[in-house]
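This report concerns only the one structure given below.
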Amino acid sequence: MSNIGAIDGHDAHHDDDHHHGPAKGITRWIYTTNHKDIGSLYLWFSLAMFLLGGTFALVIRLELFQPGLQFVEPNFFNQMTTMHGLIMVFGAVMPAFVGLANWMIPMMIGAPDMALPRMNNWSFWILPFAFTMLASTLLMEAGAPNFGWTFYAPLSTTYAPETVTFFIFAVHMMGASSIMGSINIIATIQNLRAPGMTYMKMPLFVWTWLITAYLLLAVMPVLAGVVTMMLFDVHFGTSFFNAAGGGDPVLFQHVFWFFGHPEVYIMILPAFGVISEIISTFSRKRLFGYDSMVYATSSIAFLSFIVWAHHMFTTGMPLAGELFFMYATMLIAVPTGVKVFNWISTMFKGSITFETPMLFAIAFVVLFTMGGFTGLMLAIAPADFQYHDTYFVVAHFHYVLVPGSVFSIMAAVYYWLPKWTGNMYDETLGKLHFWLSFVGINILFFPQHFLGLAGMPRRIPDYALQFADFNMVSSIGGFLFGFSQLLFVFVVIKCVRGGKKASAEVWEGSHGLEWTVPSPAPYHTFTTPPPIAENAHARVETKGDV
Amino acid sequence: MQPKNKFLLGLLSSALVLISTHASAAWELNMPVGVTNISRETYDLHMLITIVCALIGVVVYGVLIWSLVKYRKSKGAKAASFHENTTIEIIWTVIPILILVAMAIPSTTVLRQIYDTSESELDIMITGYQWRWQYSYLDDEGEEVSFFSNLSTTDDQIAGLDEKGENYLLEVDEPLVIPVNTKVRFLLTAADVIHSWWVPEFAVKKDAIPGFINESWVIVEETGIYRGQCTELCGQDHGFMPVVVEVVEKAEFDIWYSERQEAAAAIAELTDQDWTLEQLVVQGETVYRTFCMACHQANGQGLPPAFPALTGSEITTGPIEDHINVVLNGVPGTAMAAFGAQLNPVDLAAVITYERNALGNSVGDFVAPIDILQAQAE
Ligand code: HEM
Ligand SMILES: [Cu+2]
Ligand SMILES: [Cu+2]
């Protein structure tokens with residue numbers, strides 16, 4: 001570690017001891033404006049939602065273990081698929097990335113905290129209320145929302161259970177939280193970089209989050225708009241989506257997917273950043289093609305605004321529309337490919353070790369690419385007529401979201417846990433958790449490709465007999481993956497409570513400002529900005545030569 | 001062999017036996033080739049893109065695995081210091097673009113064919129309802145042929161009380177019948193929420209959307225029975241509204257069609273006939289079981305609050321005009337559909353009479369089919 005880093009870490013420590021450390025007791029968490037506290041709150045919240053959403057998924061897999069209706073009624077099954085999707089997307093994946101952003105972005109750019117600390121507190125504390133409201137519908141007489149996480153009208157308006165109003169307000173609150181969170185991230189990155197930390201020196205995680213934050217800012221209001229239109233249809237007699245009143249159910253889908261497609265990239269771009277950091281660290285080699293990674297991320301973000309109707313190929317768009325959205329969607333595969341090639345080139349001629357974060361990162365590259373391939377297949381509109389709304393699509397988006405986004409979050413947690421807690425996690429258990437998850441996830445989702453191709457529609461509680469075998473296999477994989485996550489919880493708690501002391505740099509190949517402060521990172525870091533080397537990427541220079 | 005291995009092997013093979021006891025086409029891996037020109041071309045596109053992806057996968061995963069094996073630190077690998085190369089970045093941007101263009105060309109050709117709905121010989125209107133399909137043959141001559149196609153799998157099979165049949169969940173009371181080697185055009189719409197009509201072996205999947213009429217077409221080249229399902233989440237019984245199409249020789253179709261026209265004419269006649277309360281109740285019970293029971297339950301107790309009870313309710317025991325109105329026009333904003341468009345006057349009269357004089361009610365009045373016609377005219 002260079003001198004610069006050591007001096008800085010010392011400074012920060014000094015601050016911690018003699019000025020404001022964390023408050024005591026529960027008020028520390030309720031009133032906190034500290035980016036690290038808020039980051040932890042987001043991450044714990046996300047873990048809780050991950051387990052809740054996972055429980056719903058296991059109810060689904062339990063019912064689908066065999067043909068016939070065994071455990072739940074069709075209507076409750078629909079509530080499970082809906083709540084599973086909503087909670088995983090809005091409760092588990094998005095808050096986890098915001099938590100990582102809170103913890104890491106200030107430390108990566110040499111800032112003392114987020115730019116808007118009080119709003120930061122509010123952004124987080126909205127979420128428990130939003131999700132309590134959403135989940136409470138399960139206990140109401142009319143039951144939870146049952147119209148799918150995509151909540152197509154008029155099933156979600158004219159034909160919805162009464163609880164749809166709670167759903168609408170919950171979505172509004174999540175949206176407000178996301179918008180505030182993204183404003184905060186943009187303000188932090190654009191204003192609080194340490195002098196000399198130019199844009200093209202920022203770690204890729206910061207870059208991908210900056211772009212993600214702009215995506216959020218652009219599309220969350222669209223989501224708010226569409227649920228408001230639903231609210232008016234349900235309660236105030238308008239007919240935005242009601243054909244009988246002159247409205248247009250397909251309009252709903254256009255507006256929803258104008259939000260929805262960028263949303264799926266919101267869930268993967270920060271993952272790209274995490275994976276770029278980790279692969280470079282454990283290959284002990286600078287990230288290959290940094291500039292092209294930034295450009296590829298930007299082009300993905302741009303393209304994500306003009307492909308939304310690839311979710312709507314079967315709605316009967318005119319031919320010209322089908323062709324446009326088919327070509328645009330195929331194009332997205334190009335920058336996505338560039339990213340994968342860059343990761344592999346980073347490993348090529350590196351000096352690779354296989355600690356748990358790296359195992360998750362490698363699995364990410366392999367399995368996310370699988371999801372990319374099926375994405376490309378789905379882009380071919382005539383073929384999509386066969387794939388659409390079958391288990392093939394379910395397999396596609398779970399490959400990009402679980403071994404994609406979720407694995408990247410787990411990789412990030414293992415990677416930065418020593419920095420957060422000052423303790424090393426249990427490497428043996430971490431690896432065990434990885435292998436159980438890796439095997440489980442493939443048994444769970446790979447057979448779903450076959451089910452979809454053989455003709456099994458998605459969102460059904462019961463199925464024809466020819467789908468029985470692969471469903472049973474898939475359910476077994478589901479339980480394996482699901483229960484393995486308890487091990488993850490155990491490893492994290494064990495690490496928080498103690499373990500081998502971690503050094504400041506933690507990993508041999510680590511690079512970047514966050515590794516220049518002691519482990520655990522003091523409550524306040526970089527209260528004075530660290531110096532950044534002039535003519536090279538900060539993440540290399542502060543560490544010396546990697 | 002180690003005892004432990006033997007045990008595992010035993011477990012595995014008994015699992016396999018368990019799994020392979022399902023009689024039907026198990027372990028199906030791929031999309032059906034299908035029985036239309038379009039379905040074959042779609043299948044070819046699917047195979048082409050799969051193979052392209054597989055080849056790219058071999059290269060990408062190959063290099064990845066090679067790097068992981070060769071450049072391990074434990075093997076003494078020292079990290080190189082290169083970190084960019086513009087030439088290679090350009091190469092791996094341009095090559096994928098070329099592959100994509102090559103893929104886009106055949107895809108465009110197939111898509112254009114799929115969109116050519118001109119010159120059909122037979123037009124059929126397909127309407128999605130919660131949770132059944134209605135098929136209406138659009139024909140200017142003679143009585144209109146129009147009927148509903150309901151799931152015919154029994155509740156006992158679904159609940160596991162009865163053995164599941166071969167076509168479990170993929171069987172209906174009345175399939176759609178179309179002639180072979182004939183261009184049939186489908187016009188799709190829906191009466192309540194969005195549904196989607198799919199037959200994998202025709203490679204036809206099209207959304208049925210309220211307020212819209214979508215078009216699709218087939219020329220099926222082999223007679224037979226083809227099965228599919230609704231693929232757009234449409235509420236509680238989305239998983240229970242299969243599509244079954246029977247494709248028959250043209251001559252056979254003509255016979256079937258004229259029989260259906262005669263039957264339709266007979267219904268018209270029945271409507272004019274005199275009915276007694278008892279006759280209507282008998283007929284009404286069958287209708288009730290198919291259309292009303294899912295929500296209002298066999299005993300008429302419903303599932304309040306979503307599905308109100310019919311036994312002793314204000315509607316079923318109050319003025320008959322209100323009862324007719326609810327059944328014909330439904331209750332907007334609730335799951336109660338407008339059955340006026342779904343059932344013929346005889347069935348409507350029968351089911352209303354049944355609801356008033358069974359399920360624990362005994363109002364004693366009845367409505368004749370002719371009254372329904374009158375109410376519909378108003
Ligand atoms: C190469 C990149 C990708 C392409 C070309 C692609 C293409 C597609 C297409 C065409 C569909 C619609 C399929 C259908 O409903 O018939 C789809 C669905 C989906 N994709 Fe992707 N995709 C890609 C990557 C991703 C990524 C990175 C994510 C998220 C991390 C993602 C998440 C989803 C989700 C959630 C759905 C299904 C939404 C739903 O209907 O519930 N995809 N994708
Ligand atoms: Cu999309
Ligand atoms: Cu459906």
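Labels used: A, B, ... for chains in the order of the structure tokens, numbers from 1 for residues in each chain, and numbers from 1 for ligands as shown.
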Query raised in the report: ligand 3: which residues are within 10 Å, counting only C-alpha atoms and all ligand atoms, as a PyMOL selection string?
Result: (chain A and resi 457-460) or (chain B and resi 128-132+193-197+207-208+229-242)
TODO: Show me which bits of chain A are within 6 Å of chain B, counting only C-alpha atoms, as number ranges by chain.
DONE: A: 68-69, 74-75, 154-155, 158, 243, 285-286, 288-289, 314-316, 344, 348-353, 373, 382-383, 385, 389, 450, 453-454, 457, 460, 464, 466
Export of prior selection with N, CA, C and O atoms as a short mmCIF file (atom, residue, chain, number, x, y, z; two decimals), in the first residue's frame:
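Everything below was put into part.cif:
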```
data_model
loop_
_atom_site.label_atom_id
_atom_site.label_comp_id
_atom_site.auth_asym_id
_atom_site.auth_seq_id
_atom_site.Cartn_x
_atom_site.Cartn_y
_atom_site.Cartn_z
N GLY A 68 -51.42 -31.56 -10.86
CA GLY A 68 -52.56 -31.57 -9.94
C GLY A 68 -52.43 -30.39 -8.99
O GLY A 68 -51.38 -29.76 -8.91
N LEU A 69 -53.54 -30.09 -8.30
CA LEU A 69 -53.48 -29.03 -7.29
C LEU A 69 -53.31 -29.68 -5.92
O LEU A 69 -54.22 -30.36 -5.46
N PRO A 74 -55.59 -21.93 -7.07
CA PRO A 74 -55.05 -21.15 -8.19
C PRO A 74 -54.93 -19.66 -7.88
O PRO A 74 -53.95 -19.02 -8.26
N ASN A 75 -55.92 -19.10 -7.20
CA ASN A 75 -55.87 -17.67 -6.95
C ASN A 75 -54.71 -17.32 -6.02
O ASN A 75 -54.00 -16.33 -6.22
N PRO A 154 -56.64 -4.97 -18.40
CA PRO A 154 -57.55 -4.62 -17.32
C PRO A 154 -57.62 -5.64 -16.18
O PRO A 154 -58.41 -5.47 -15.27
N LEU A 155 -56.74 -6.68 -16.22
CA LEU A 155 -56.76 -7.64 -15.11
C LEU A 155 -56.41 -6.93 -13.80
O LEU A 155 -56.90 -7.30 -12.74
N THR A 158 -60.03 -3.16 -13.80
CA THR A 158 -61.43 -3.56 -13.70
C THR A 158 -61.60 -4.89 -12.96
O THR A 158 -62.57 -5.08 -12.24
N ALA A 243 -61.34 -0.84 -22.43
CA ALA A 243 -61.81 -0.74 -23.80
C ALA A 243 -63.27 -0.32 -23.86
O ALA A 243 -63.67 0.46 -24.74
N LYS A 285 -4.78 -8.07 -12.34
CA LYS A 285 -4.49 -7.47 -13.63
C LYS A 285 -5.49 -6.34 -13.83
O LYS A 285 -6.64 -6.43 -13.39
N ARG A 286 -5.06 -5.26 -14.48
CA ARG A 286 -5.99 -4.16 -14.69
C ARG A 286 -7.14 -4.59 -15.58
O ARG A 286 -6.96 -5.40 -16.48
N PHE A 288 -9.45 -5.07 -18.48
CA PHE A 288 -9.19 -4.88 -19.90
C PHE A 288 -10.27 -4.00 -20.50
O PHE A 288 -11.47 -4.17 -20.23
N GLY A 289 -9.85 -3.03 -21.30
CA GLY A 289 -10.79 -2.22 -22.06
C GLY A 289 -11.70 -1.34 -21.22
O GLY A 289 -12.91 -1.27 -21.44
N THR A 314 -46.44 -10.33 -29.42
CA THR A 314 -47.69 -11.02 -29.75
C THR A 314 -48.94 -10.15 -29.59
O THR A 314 -50.05 -10.64 -29.73
N THR A 315 -48.75 -8.86 -29.30
CA THR A 315 -49.94 -8.03 -29.11
C THR A 315 -50.53 -7.56 -30.43
O THR A 315 -51.54 -6.87 -30.45
N GLY A 316 -49.86 -7.90 -31.55
CA GLY A 316 -50.42 -7.51 -32.83
C GLY A 316 -49.98 -6.13 -33.29
O GLY A 316 -50.75 -5.39 -33.91
N ILE A 344 -13.34 -11.58 -19.96
CA ILE A 344 -12.51 -12.75 -20.22
C ILE A 344 -11.08 -12.32 -20.54
O ILE A 344 -10.11 -12.94 -20.09
N PHE A 348 -7.52 -13.41 -18.98
CA PHE A 348 -6.50 -13.97 -19.87
C PHE A 348 -5.13 -13.39 -19.50
O PHE A 348 -4.97 -12.18 -19.41
N LYS A 349 -4.18 -14.27 -19.29
CA LYS A 349 -2.82 -13.89 -18.88
C LYS A 349 -2.80 -13.14 -17.56
O LYS A 349 -1.95 -12.28 -17.33
N GLY A 350 -3.77 -13.44 -16.69
CA GLY A 350 -3.71 -12.88 -15.35
C GLY A 350 -3.01 -13.85 -14.42
O GLY A 350 -2.30 -14.76 -14.88
N SER A 351 -3.19 -13.63 -13.13
CA SER A 351 -2.63 -14.54 -12.13
C SER A 351 -3.79 -14.81 -11.17
O SER A 351 -3.99 -14.12 -10.18
N ILE A 352 -4.57 -15.83 -11.52
CA ILE A 352 -5.91 -15.96 -10.96
C ILE A 352 -5.94 -16.81 -9.69
O ILE A 352 -5.32 -17.86 -9.63
N THR A 353 -6.69 -16.33 -8.68
CA THR A 353 -7.02 -17.17 -7.53
C THR A 353 -8.53 -17.22 -7.41
O THR A 353 -9.24 -16.38 -7.96
N PHE A 373 -27.62 -15.27 -24.33
CA PHE A 373 -27.93 -16.08 -25.52
C PHE A 373 -29.43 -16.25 -25.69
O PHE A 373 -29.99 -16.07 -26.77
N PRO A 382 -40.24 -13.80 -34.89
CA PRO A 382 -41.05 -14.98 -35.23
C PRO A 382 -40.80 -16.14 -34.26
O PRO A 382 -41.73 -16.88 -33.92
N ALA A 383 -39.57 -16.29 -33.80
CA ALA A 383 -39.29 -17.35 -32.83
C ALA A 383 -39.92 -17.00 -31.48
O ALA A 383 -40.40 -17.88 -30.76
N PHE A 385 -42.69 -15.71 -31.00
CA PHE A 385 -44.10 -16.11 -30.97
C PHE A 385 -44.21 -17.47 -30.28
O PHE A 385 -45.21 -17.76 -29.63
N ASP A 389 -44.18 -15.90 -23.16
CA ASP A 389 -45.06 -16.33 -22.07
C ASP A 389 -45.02 -17.82 -21.80
O ASP A 389 -46.00 -18.42 -21.36
N PHE A 450 -36.30 -26.29 -21.44
CA PHE A 450 -36.95 -27.40 -22.15
C PHE A 450 -38.47 -27.34 -21.97
O PHE A 450 -39.22 -27.58 -22.90
N LEU A 453 -39.88 -24.74 -24.31
CA LEU A 453 -39.86 -25.16 -25.71
C LEU A 453 -40.92 -26.23 -25.95
O LEU A 453 -41.56 -26.26 -27.00
N ALA A 454 -41.11 -27.10 -24.98
CA ALA A 454 -42.11 -28.16 -25.14
C ALA A 454 -43.53 -27.63 -24.98
O ALA A 454 -44.49 -28.36 -25.21
N PRO A 457 -46.88 -23.01 -20.63
CA PRO A 457 -47.04 -21.58 -20.39
C PRO A 457 -46.54 -21.22 -18.99
O PRO A 457 -46.48 -22.07 -18.10
N ILE A 460 -48.88 -20.73 -14.45
CA ILE A 460 -49.98 -21.69 -14.29
C ILE A 460 -49.69 -22.56 -13.06
O ILE A 460 -48.55 -22.96 -12.84
N ALA A 464 -49.99 -30.00 -17.83
CA ALA A 464 -50.22 -31.29 -18.49
C ALA A 464 -49.11 -32.28 -18.13
O ALA A 464 -48.02 -31.89 -17.72
N GLN A 466 -47.05 -34.19 -19.68
CA GLN A 466 -45.72 -34.29 -20.29
C GLN A 466 -44.70 -33.33 -19.69
O GLN A 466 -43.53 -33.43 -19.96
#
```
**Request:** Grab me every residue within 10 Å of ligand 2, counting only C-alpha atoms and all ligand atoms, and send it over as a PyMOL selection string.
**Result:** chain A and resi 257-265+304-312+329+375+378-379+397
Hey, can you spit out that residue selection with N, CA, C and O atoms as a short mmCIF file (atom, residue, chain, number, x, y, z; two decimals), in the first residue's frame?
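Everything below was put into result-v7.cif:
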```
data_model
loop_
_atom_site.label_atom_id
_atom_site.label_comp_id
_atom_site.auth_asym_id
_atom_site.auth_seq_id
_atom_site.Cartn_x
_atom_site.Cartn_y
_atom_site.Cartn_z
N TRP A 257 -43.78 -1.17 -20.18
CA TRP A 257 -42.47 -1.67 -20.65
C TRP A 257 -41.51 -0.53 -20.96
O TRP A 257 -40.31 -0.75 -21.00
N PHE A 258 -42.04 0.66 -21.19
CA PHE A 258 -41.12 1.79 -21.33
C PHE A 258 -40.36 1.99 -20.03
O PHE A 258 -39.20 2.39 -20.02
N PHE A 259 -41.05 1.70 -18.92
CA PHE A 259 -40.36 1.60 -17.63
C PHE A 259 -39.63 0.26 -17.52
O PHE A 259 -38.48 0.18 -17.12
N GLY A 260 -40.33 -0.81 -17.88
CA GLY A 260 -39.90 -2.17 -17.53
C GLY A 260 -38.62 -2.61 -18.17
O GLY A 260 -37.79 -3.25 -17.53
N HIS A 261 -38.41 -2.27 -19.44
CA HIS A 261 -37.15 -2.74 -20.01
C HIS A 261 -35.94 -2.03 -19.41
O HIS A 261 -35.01 -2.69 -18.97
N PRO A 262 -35.93 -0.69 -19.34
CA PRO A 262 -34.81 -0.05 -18.63
C PRO A 262 -34.66 -0.61 -17.21
O PRO A 262 -33.55 -0.78 -16.72
N GLU A 263 -35.78 -0.93 -16.58
CA GLU A 263 -35.73 -1.50 -15.24
C GLU A 263 -34.87 -2.76 -15.18
O GLU A 263 -34.09 -2.94 -14.24
N VAL A 264 -34.97 -3.63 -16.19
CA VAL A 264 -34.15 -4.84 -16.11
C VAL A 264 -32.67 -4.48 -16.23
O VAL A 264 -31.82 -5.15 -15.65
N TYR A 265 -32.36 -3.40 -16.93
CA TYR A 265 -30.96 -2.97 -16.99
C TYR A 265 -30.54 -2.25 -15.72
O TYR A 265 -29.37 -2.28 -15.35
N SER A 304 -31.60 0.63 -24.21
CA SER A 304 -32.66 0.08 -23.37
C SER A 304 -33.94 0.91 -23.45
O SER A 304 -35.00 0.44 -23.07
N PHE A 305 -33.83 2.14 -23.98
CA PHE A 305 -35.04 2.96 -24.13
C PHE A 305 -35.80 2.68 -25.42
O PHE A 305 -36.92 3.16 -25.59
N ILE A 306 -35.19 1.97 -26.34
CA ILE A 306 -35.87 1.81 -27.64
C ILE A 306 -36.12 0.35 -28.00
O ILE A 306 -36.19 -0.01 -29.16
N VAL A 307 -36.23 -0.49 -26.98
CA VAL A 307 -36.49 -1.90 -27.27
C VAL A 307 -37.71 -2.43 -26.54
O VAL A 307 -38.01 -3.61 -26.61
N TRP A 308 -38.44 -1.52 -25.83
CA TRP A 308 -39.42 -2.03 -24.88
C TRP A 308 -40.45 -2.98 -25.47
O TRP A 308 -40.87 -3.92 -24.83
N ALA A 309 -40.83 -2.75 -26.74
CA ALA A 309 -41.94 -3.56 -27.25
C ALA A 309 -41.53 -4.97 -27.63
O ALA A 309 -42.35 -5.74 -28.14
N HIS A 310 -40.25 -5.36 -27.36
CA HIS A 310 -39.93 -6.78 -27.58
C HIS A 310 -40.66 -7.66 -26.56
O HIS A 310 -40.67 -8.88 -26.71
N HIS A 311 -41.24 -7.05 -25.55
CA HIS A 311 -42.08 -7.82 -24.63
C HIS A 311 -43.50 -7.95 -25.16
O HIS A 311 -44.35 -8.55 -24.52
N MET A 312 -43.76 -7.33 -26.30
CA MET A 312 -45.15 -7.21 -26.79
C MET A 312 -45.29 -7.71 -28.22
O MET A 312 -46.20 -7.29 -28.93
N THR A 329 -33.47 -4.74 -30.52
CA THR A 329 -33.16 -5.68 -29.44
C THR A 329 -31.93 -6.51 -29.78
O THR A 329 -31.07 -6.75 -28.94
N GLY A 375 -31.66 -14.38 -24.52
CA GLY A 375 -32.19 -13.06 -24.83
C GLY A 375 -32.14 -12.81 -26.33
O GLY A 375 -33.09 -12.33 -26.95
N LEU A 378 -34.81 -14.72 -27.99
CA LEU A 378 -36.12 -14.08 -27.80
C LEU A 378 -36.29 -12.85 -28.66
O LEU A 378 -37.41 -12.43 -28.97
N ALA A 379 -35.17 -12.24 -29.04
CA ALA A 379 -35.24 -11.03 -29.86
C ALA A 379 -35.76 -11.34 -31.26
O ALA A 379 -36.30 -10.46 -31.94
N PHE A 397 -35.07 -14.96 -17.99
CA PHE A 397 -34.86 -13.83 -17.09
C PHE A 397 -34.34 -14.27 -15.73
O PHE A 397 -33.68 -13.50 -15.06
#
```
Using the chain letters and numbers from this document, which residues of region 290-502 of chain A does DSSP assign to strand (DSSP E or B), as a ChimeraX atom specification? /A:352,390,423,457,501
Just-selected residues, all heavy atoms written as a short mmCIF file (atom, residue, chain, number, x, y, z; two decimals), in the first residue's frame:
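Result written to again_5.cif:
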```cif
data_model
loop_
_atom_site.label_atom_id
_atom_site.label_comp_id
_atom_site.auth_asym_id
_atom_site.auth_seq_id
_atom_site.Cartn_x
_atom_site.Cartn_y
_atom_site.Cartn_z
N ILE A 352 -4.57 -15.83 -11.52
CA ILE A 352 -5.91 -15.96 -10.96
C ILE A 352 -5.94 -16.81 -9.69
O ILE A 352 -5.32 -17.86 -9.63
CB ILE A 352 -6.86 -16.60 -12.01
CG1 ILE A 352 -6.79 -15.80 -13.32
CG2 ILE A 352 -8.29 -16.64 -11.50
CD1 ILE A 352 -7.56 -16.41 -14.46
N THR A 390 -43.86 -18.43 -22.09
CA THR A 390 -43.67 -19.82 -21.69
C THR A 390 -42.53 -19.86 -20.67
O THR A 390 -41.91 -18.85 -20.37
CB THR A 390 -43.24 -20.72 -22.86
OG1 THR A 390 -41.91 -20.36 -23.24
CG2 THR A 390 -44.17 -20.59 -24.04
N ASN A 423 -13.44 -8.18 9.64
CA ASN A 423 -13.17 -9.60 9.81
C ASN A 423 -13.24 -10.32 8.47
O ASN A 423 -14.03 -9.96 7.61
CB ASN A 423 -14.21 -10.24 10.73
CG ASN A 423 -14.31 -9.50 12.04
OD1 ASN A 423 -13.30 -9.08 12.60
ND2 ASN A 423 -15.54 -9.32 12.52
N PRO A 457 -46.88 -23.01 -20.63
CA PRO A 457 -47.04 -21.58 -20.39
C PRO A 457 -46.54 -21.22 -18.99
O PRO A 457 -46.48 -22.07 -18.10
CB PRO A 457 -48.55 -21.35 -20.46
CG PRO A 457 -49.12 -22.58 -21.06
CD PRO A 457 -48.18 -23.68 -20.75
N LYS A 501 -8.77 -11.17 11.61
CA LYS A 501 -8.76 -9.73 11.32
C LYS A 501 -8.31 -9.48 9.88
O LYS A 501 -7.37 -10.11 9.39
CB LYS A 501 -7.82 -9.00 12.30
CG LYS A 501 -8.34 -9.01 13.73
CD LYS A 501 -9.60 -8.12 13.87
CE LYS A 501 -10.42 -8.49 15.10
NZ LYS A 501 -11.76 -9.00 14.79
#
```
Item to check | Those in region 14-92 of chain A with helix (DSSP H, G or I) from DSSP, as an NGL selection string | outcome: :A and (14-18 or 26-31 or 35-63 or 74-92)
Could you list, as a short mmCIF file (atom, residue, chain, number, x, y, z; two decimals) with all heavy atoms, in the first residue's frame, every residue within 10 Å of Glu143 (chain B), counting only C-alpha atoms and ignoring same-chain residues fewer than 4 positions away?
```cif
data_model
loop_
_atom_site.label_atom_id
_atom_site.label_comp_id
_atom_site.auth_asym_id
_atom_site.auth_seq_id
_atom_site.Cartn_x
_atom_site.Cartn_y
_atom_site.Cartn_z
N ASP B 139 -69.68 -16.32 -41.62
CA ASP B 139 -70.22 -16.87 -42.85
C ASP B 139 -71.56 -16.16 -43.08
O ASP B 139 -72.38 -16.09 -42.18
CB ASP B 139 -70.42 -18.39 -42.64
CG ASP B 139 -71.02 -19.05 -43.86
OD1 ASP B 139 -71.22 -18.35 -44.87
OD2 ASP B 139 -71.29 -20.27 -43.78
N SER B 258 -72.32 -28.21 -41.86
CA SER B 258 -73.76 -28.09 -42.12
C SER B 258 -74.57 -28.68 -40.97
O SER B 258 -75.65 -28.20 -40.65
CB SER B 258 -74.14 -28.71 -43.47
OG SER B 258 -73.64 -30.00 -43.54
N ARG B 260 -73.72 -28.44 -37.86
CA ARG B 260 -73.74 -27.38 -36.85
C ARG B 260 -74.74 -26.29 -37.20
O ARG B 260 -75.40 -25.72 -36.34
CB ARG B 260 -72.34 -26.76 -36.65
CG ARG B 260 -71.33 -27.70 -36.06
CD ARG B 260 -71.76 -28.29 -34.73
NE ARG B 260 -72.01 -27.28 -33.72
CZ ARG B 260 -71.51 -27.29 -32.51
NH1 ARG B 260 -70.73 -28.28 -32.13
NH2 ARG B 260 -71.79 -26.32 -31.66
N GLN B 261 -74.83 -26.01 -38.52
CA GLN B 261 -75.80 -25.00 -38.93
C GLN B 261 -77.22 -25.46 -38.64
O GLN B 261 -78.05 -24.69 -38.17
CB GLN B 261 -75.63 -24.69 -40.42
CG GLN B 261 -74.52 -23.69 -40.68
CD GLN B 261 -74.54 -23.18 -42.10
OE1 GLN B 261 -74.75 -23.95 -43.04
NE2 GLN B 261 -74.31 -21.89 -42.26
N GLU B 262 -77.45 -26.76 -38.89
CA GLU B 262 -78.79 -27.29 -38.60
C GLU B 262 -79.08 -27.22 -37.10
O GLU B 262 -80.19 -26.86 -36.69
CB GLU B 262 -78.90 -28.75 -39.07
CG GLU B 262 -79.18 -28.86 -40.56
CD GLU B 262 -78.86 -30.25 -41.09
OE1 GLU B 262 -78.95 -31.23 -40.31
OE2 GLU B 262 -78.49 -30.35 -42.28
N ALA B 263 -78.06 -27.57 -36.32
CA ALA B 263 -78.26 -27.52 -34.87
C ALA B 263 -78.58 -26.10 -34.42
O ALA B 263 -79.44 -25.89 -33.56
CB ALA B 263 -77.01 -28.03 -34.16
N ALA B 264 -77.91 -25.14 -35.04
CA ALA B 264 -78.16 -23.75 -34.68
C ALA B 264 -79.60 -23.38 -35.03
O ALA B 264 -80.29 -22.68 -34.28
CB ALA B 264 -77.17 -22.84 -35.40
N ALA B 265 -80.04 -23.89 -36.19
CA ALA B 265 -81.43 -23.62 -36.58
C ALA B 265 -82.39 -24.26 -35.59
O ALA B 265 -83.43 -23.68 -35.24
CB ALA B 265 -81.67 -24.15 -38.00
N ALA B 266 -82.02 -25.46 -35.11
CA ALA B 266 -82.88 -26.16 -34.15
C ALA B 266 -83.01 -25.36 -32.86
O ALA B 266 -84.07 -25.28 -32.26
CB ALA B 266 -82.32 -27.55 -33.86
N ALA B 268 -82.84 -22.20 -32.61
CA ALA B 268 -83.75 -21.09 -32.91
C ALA B 268 -85.19 -21.55 -32.75
O ALA B 268 -86.05 -20.83 -32.23
CB ALA B 268 -83.49 -20.57 -34.32
#
```
Taken to one decimal, the CA of Val406 (chain A)-atom 3 (C, counted along the ligand's line) of ligand 1 distance is 16.8 Å
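Separating CA of Leu417 (chain A) from CA of Thr198 (chain A) is a distance of 27.3 Å.
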> Which neighbours of Thr165 (chain A) fall inside 10 Å, counting only C-alpha atoms, when residues of the same chain fewer than 3 positions from it are skipped, and could you give them as number ranges by chain?
Replying inline: A: 134, 137, 145, 157, 160-162, 168-171, 227, 230-231, 234-235
Take the residues that were just selected and, keeping C-alpha atoms, output them as a CSV table (one decimal), in the first residue's frame.
```
chain,number,residue,atom,x,y,z
A,134,LEU,CA,-47.6,-4.4,0.2
A,137,THR,CA,-52.4,-7.4,1.6
A,145,PRO,CA,-52.3,-8.6,-5.9
A,157,THR,CA,-57.9,-2.6,-12.9
A,160,ALA,CA,-58.4,-6.6,-9.7
A,161,PRO,CA,-59.0,-7.5,-6.1
A,162,GLU,CA,-59.6,-4.4,-3.9
A,168,ILE,CA,-50.5,1.2,-6.2
A,169,PHE,CA,-49.5,3.2,-3.1
A,170,ALA,CA,-46.7,0.8,-2.3
A,171,VAL,CA,-45.3,1.2,-5.8
A,227,VAL,CA,-50.0,3.2,-11.6
A,230,MET,CA,-54.6,2.6,-12.9
A,231,LEU,CA,-55.7,4.4,-9.7
A,234,VAL,CA,-60.1,1.9,-10.5
A,235,HIS,CA,-61.5,4.7,-8.3
```
